[in-house]
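First comes the structure, then the notes that go with it.
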Amino acid sequence: ESEEHVGSQFHFTLSYQSQQNNELSAKKTNLTAFKEIKIALITDNKIYQPIFQRMLTSLGFTIENFNSTPELLTYFANQQDSFDALLVDLASCSDDLHCRDLSSIRKQHTELPILHILPNKQKTLIPALANDKNYTIIYKPITASNLLDNLLLSLGKESLRKEKYDLLEYESISAINALKGIKLLVVEDNEINQELVTEILTNNGIEVVISNNGEQALAQLNIERFDGVLMDCQMP
């Protein structure tokens with residue numbers, strides 16, 4: 001059901017299997033237990049910073065934000081309290097195999113668990129701290145579930161969904177390889193979403209062209225050939 005200048009309404013039906021209350025209780029994550037866990041988030045990525053912040057706080061973690069390694073090291077030098085883990089997403093530490101940022105942190109805090117976020121699994125041949133038992137790598141795109149799983153692993157706690165996630169990670173690599181080199185038209189009017197989608201897709205070898213609305217998209221389709229279109233369903 002569509003009306004010009006108003007929008008569209010979609011109707012669909014979903015079928016779900018039901019579970020017993022005792023089964024749900026057994027699988028439910030006790031998020032209150034995470035309130036005692038303090039995470040240092042160090043990132044120079046203005047797009048991802050609020051996303052990680054929202055994910056981590058929604059999971060119940062206590063978060064402290066830092067924009068650079070020197071800022072974090074200054075905090076360490078002036079504060080008595082410490083962190084349970086460090087979450088790193090730095091442009092200067094994505095492809096550099098030696099990664100001075102992580103090395104400088106590790107020299108001062110030898111046992112601090114570090115979860116390092118990288119843009120693309122296939123761009124990194126050797127981890128910066130390959131022999132470090134407290135160093136873990138996770139690859140974009142990041143979801144709340146795989147972020148939680150990997151944080152728990154880096155903290156030495158049992159992953160809640162490890163078996164299922166390992167399967168999805170293996171399947172995603174095959175999908176990325178199959179899609180590499182294609183050209184997509186992304187129709188999105190939100191600038192932050194445009195930058196986020198572009199970063200994720202281009203880091204995985206996909207060419208991206210942005211259109212700000214449906215009218216621009218139709219015009220673009222008339223002059224260029226695309227392998228697919230990603231479009232916001234509420235696009236004006």
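Going by the structure tokens order, chains are called A, B, ..., each with residues numbered from 1, while ligands are numbered from 1 in the order shown.
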
Using only C-alpha atoms, I'd like a table of the residues in region 63-93 of chain A that come within 10 Å of region 137-157 of chain A; for each, show the closest atom pair and its distance in Å rounded to one decimal, ordered by chain and ascending number, as a Markdown table.
```
| residue | atom | partner | partner_atom | distance |
| --- | --- | --- | --- | --- |
| A:Asp84 | CA | A:Leu155 | CA | 7.5 |
| A:Ala85 | CA | A:Leu155 | CA | 7.0 |
| A:Leu86 | CA | A:Leu151 | CA | 9.3 |
| A:Leu87 | CA | A:Leu151 | CA | 8.6 |
| A:Val88 | CA | A:Ile137 | CA | 9.6 |
```

Limited to all heavy atoms, could you put the picked residues into a file as a JSON list (two decimals), in the first residue's frame?
```json
[["chain", "number", "residue", "atom", "x", "y", "z"],
["A", 84, "ASP", "N", 39.38, -3.75, 32.76],
["A", 84, "ASP", "CA", 39.36, -5.20, 32.62],
["A", 84, "ASP", "C", 39.74, -5.64, 31.22],
["A", 84, "ASP", "O", 40.22, -6.76, 31.02],
["A", 84, "ASP", "CB", 37.96, -5.74, 32.96],
["A", 84, "ASP", "CG", 37.60, -5.46, 34.42],
["A", 84, "ASP", "OD1", 38.23, -6.07, 35.30],
["A", 84, "ASP", "OD2", 36.70, -4.64, 34.65],
["A", 85, "ALA", "N", 39.52, -4.76, 30.23],
["A", 85, "ALA", "CA", 39.87, -5.08, 28.85],
["A", 85, "ALA", "C", 39.95, -3.80, 28.04],
["A", 85, "ALA", "O", 39.39, -2.76, 28.42],
["A", 85, "ALA", "CB", 38.84, -6.03, 28.23],
["A", 86, "LEU", "N", 40.65, -3.87, 26.92],
["A", 86, "LEU", "CA", 40.82, -2.74, 26.01],
["A", 86, "LEU", "C", 40.27, -3.11, 24.64],
["A", 86, "LEU", "O", 40.63, -4.15, 24.08],
["A", 86, "LEU", "CB", 42.30, -2.38, 25.90],
["A", 86, "LEU", "CG", 42.69, -1.31, 24.88],
["A", 86, "LEU", "CD1", 42.03, 0.02, 25.23],
["A", 86, "LEU", "CD2", 44.20, -1.16, 24.81],
["A", 87, "LEU", "N", 39.37, -2.27, 24.11],
["A", 87, "LEU", "CA", 38.80, -2.46, 22.78],
["A", 87, "LEU", "C", 39.41, -1.41, 21.86],
["A", 87, "LEU", "O", 39.26, -0.21, 22.10],
["A", 87, "LEU", "CB", 37.28, -2.32, 22.84],
["A", 87, "LEU", "CG", 36.51, -2.57, 21.54],
["A", 87, "LEU", "CD1", 36.68, -4.00, 21.07],
["A", 87, "LEU", "CD2", 35.02, -2.27, 21.73],
["A", 88, "VAL", "N", 40.10, -1.85, 20.79],
["A", 88, "VAL", "CA", 40.88, -0.96, 19.94],
["A", 88, "VAL", "C", 40.34, -0.94, 18.52],
["A", 88, "VAL", "O", 40.15, -2.00, 17.90],
["A", 88, "VAL", "CB", 42.36, -1.39, 19.90],
["A", 88, "VAL", "CG1", 43.17, -0.44, 19.01],
["A", 88, "VAL", "CG2", 42.94, -1.43, 21.30]]
```

Write out as a compact mmCIF listing (two decimals) with N, CA, C and O atoms, in the first residue's frame the residues lying within 12 Å of Leu221 (chain A), counting only C-alpha atoms and excluding same-chain residues fewer than 6 positions away.
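Dumped everything to selection.txt:
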```txt
# COMPACT_ATOMS: atom_id res chain seq x y z
N LYS A 183 29.67 -4.30 -8.16
CA LYS A 183 29.38 -2.87 -8.05
C LYS A 183 27.95 -2.69 -7.56
O LYS A 183 27.00 -3.21 -8.17
N LEU A 184 27.79 -1.97 -6.43
CA LEU A 184 26.48 -1.80 -5.84
C LEU A 184 26.08 -0.33 -5.81
O LEU A 184 26.91 0.55 -5.56
N LEU A 185 24.80 -0.08 -6.05
CA LEU A 185 24.23 1.24 -5.86
C LEU A 185 23.55 1.25 -4.49
O LEU A 185 22.65 0.46 -4.22
N VAL A 186 24.02 2.14 -3.62
CA VAL A 186 23.45 2.25 -2.27
C VAL A 186 22.58 3.50 -2.22
O VAL A 186 23.07 4.62 -2.44
N VAL A 187 21.29 3.33 -1.96
CA VAL A 187 20.34 4.44 -1.93
C VAL A 187 20.01 4.72 -0.46
O VAL A 187 19.30 3.96 0.19
N VAL A 209 28.51 3.06 -5.12
CA VAL A 209 28.06 4.36 -5.61
C VAL A 209 26.86 4.76 -4.75
O VAL A 209 25.96 3.95 -4.53
N ILE A 210 26.86 6.00 -4.26
CA ILE A 210 25.81 6.48 -3.36
C ILE A 210 24.80 7.36 -4.10
O ILE A 210 25.18 8.24 -4.87
N SER A 211 23.52 7.10 -3.84
CA SER A 211 22.44 8.01 -4.27
C SER A 211 21.68 8.44 -3.02
O SER A 211 21.44 7.63 -2.12
N GLY A 214 15.47 8.17 -4.10
CA GLY A 214 15.01 7.30 -5.16
C GLY A 214 15.11 7.91 -6.55
O GLY A 214 15.42 7.23 -7.53
N GLU A 215 14.88 9.20 -6.64
CA GLU A 215 14.96 9.88 -7.94
C GLU A 215 16.38 9.84 -8.48
O GLU A 215 16.60 9.55 -9.67
N ASP A 227 25.51 -4.36 -10.21
CA ASP A 227 25.21 -5.76 -9.92
C ASP A 227 24.08 -5.90 -8.91
O ASP A 227 23.50 -6.98 -8.76
N GLY A 228 23.78 -4.82 -8.21
CA GLY A 228 22.69 -4.86 -7.24
C GLY A 228 22.44 -3.49 -6.65
O GLY A 228 23.24 -2.57 -6.81
N VAL A 229 21.31 -3.36 -5.95
CA VAL A 229 20.93 -2.10 -5.31
C VAL A 229 20.59 -2.38 -3.84
O VAL A 229 19.82 -3.29 -3.54
```

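Across A:Ala217, A:Ile39, A:Gln194, A:Asp44, the tightest approach to Asp81 (chain A) is made by A:Ile39 when counting only C-alpha atoms.
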
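Nearest-residue note for Ser82 (chain A): choosing from A:His11, A:Lys38, A:Arg100, A:Lys133, the minimum distance belongs to A:Lys38, counting only C-alpha atoms.
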
Ser2 (chain A) environment, 12 Å, only C-alpha atoms, sequence neighbours closer than 4 positions dropped, as a PyMOL selection string: chain A and resi 6-11+234+236

Write the residues of the selection above to a file with N, CA and C atoms, as a tab-separated table (two decimals), in the first residue's frame.
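This went into out_6.tsv:
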```
chain	number	residue	atom	x	y	z
A	6	VAL	N	3.77	10.26	1.02
A	6	VAL	CA	3.46	9.79	2.37
A	6	VAL	C	4.32	8.59	2.74
A	7	GLY	N	4.37	7.60	1.85
A	7	GLY	CA	5.18	6.42	2.12
A	7	GLY	C	4.44	5.14	1.78
A	8	SER	N	4.99	4.03	2.25
A	8	SER	CA	4.42	2.71	1.96
A	8	SER	C	4.23	1.92	3.23
A	9	GLN	N	3.22	1.03	3.22
A	9	GLN	CA	2.98	0.11	4.31
A	9	GLN	C	3.18	-1.31	3.81
A	10	PHE	N	3.92	-2.10	4.58
A	10	PHE	CA	4.21	-3.48	4.21
A	10	PHE	C	3.55	-4.42	5.22
A	11	HIS	N	2.98	-5.51	4.73
A	11	HIS	CA	2.33	-6.49	5.59
A	11	HIS	C	2.98	-7.84	5.33
A	234	GLN	N	12.51	2.98	3.69
A	234	GLN	CA	11.75	4.20	3.99
A	234	GLN	C	12.30	5.40	3.22
A	236	PRO	N	12.63	8.43	0.89
A	236	PRO	CA	11.64	9.36	0.32
A	236	PRO	C	11.66	9.34	-1.19
```

DSSP-assigned alpha helix (DSSP H) among region 26-230 of chain A, expressed as a VMD selection string: chain A and resid 26 to 27 48 to 59 69 to 78 100 to 108 144 to 154 162 to 179 191 to 203 214 to 223

Which of region 37-227 of chain A DSSP labels strand (DSSP E or B), written as number ranges by chain: A: 38-43, 62-66, 85-89, 114-118, 135-139, 183-187, 207-211

Neighbour list for Asn67 (chain A) as number ranges by chain, cut-off 10 Å, only C-alpha atoms, skip fewer than 5 positions in-chain: A: 41-46, 49, 72, 89-90

Only N, CA and C atoms, please: the residues just picked out, written as an mmCIF file, in the first residue's frame.
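Result file part_28.cif:
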```cif
data_model
loop_
_atom_site.group_PDB
_atom_site.id
_atom_site.type_symbol
_atom_site.label_atom_id
_atom_site.label_comp_id
_atom_site.auth_asym_id
_atom_site.auth_seq_id
_atom_site.Cartn_x
_atom_site.Cartn_y
_atom_site.Cartn_z
ATOM 1 N N LEU A 41 37.553 1.922 25.609
ATOM 2 C CA LEU A 41 37.328 1.949 24.160
ATOM 3 C C LEU A 41 38.218 3.032 23.557
ATOM 4 N N ILE A 42 39.182 2.626 22.737
ATOM 5 C CA ILE A 42 40.077 3.585 22.107
ATOM 6 C C ILE A 42 39.878 3.515 20.597
ATOM 7 N N THR A 43 39.348 4.608 20.018
ATOM 8 C CA THR A 43 39.071 4.639 18.585
ATOM 9 C C THR A 43 39.164 6.066 18.049
ATOM 10 N N ASP A 44 39.685 6.204 16.845
ATOM 11 C CA ASP A 44 39.710 7.488 16.159
ATOM 12 C C ASP A 44 38.671 7.514 15.038
ATOM 13 N N ASN A 45 37.774 6.531 15.048
ATOM 14 C CA ASN A 45 36.727 6.414 14.035
ATOM 15 C C ASN A 45 35.447 7.047 14.561
ATOM 16 N N LYS A 46 35.122 8.229 14.065
ATOM 17 C CA LYS A 46 33.969 8.978 14.567
ATOM 18 C C LYS A 46 32.636 8.312 14.223
ATOM 19 N N GLN A 49 32.588 4.994 16.798
ATOM 20 C CA GLN A 49 32.680 5.247 18.233
ATOM 21 C C GLN A 49 31.299 5.226 18.926
ATOM 22 N N LEU A 72 45.073 7.511 26.235
ATOM 23 C CA LEU A 72 44.891 6.379 27.133
ATOM 24 C C LEU A 72 46.082 6.219 28.070
ATOM 25 N N ASP A 89 40.082 0.267 17.989
ATOM 26 C CA ASP A 89 39.730 0.453 16.575
ATOM 27 C C ASP A 89 40.430 1.723 16.105
ATOM 28 N N LEU A 90 41.673 1.582 15.645
ATOM 29 C CA LEU A 90 42.489 2.724 15.240
ATOM 30 C C LEU A 90 42.913 2.587 13.783
#
```

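Between CA of Met55 (chain A) and CA of His116 (chain A) the interatomic distance comes to 16.0 Å.
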
Closest of A:Ala219, A:Pro50, A:Pro70, A:Tyr135 to Leu196 (chain A) - atom-to-atom distances counting only C-alpha atoms: A:Pro50
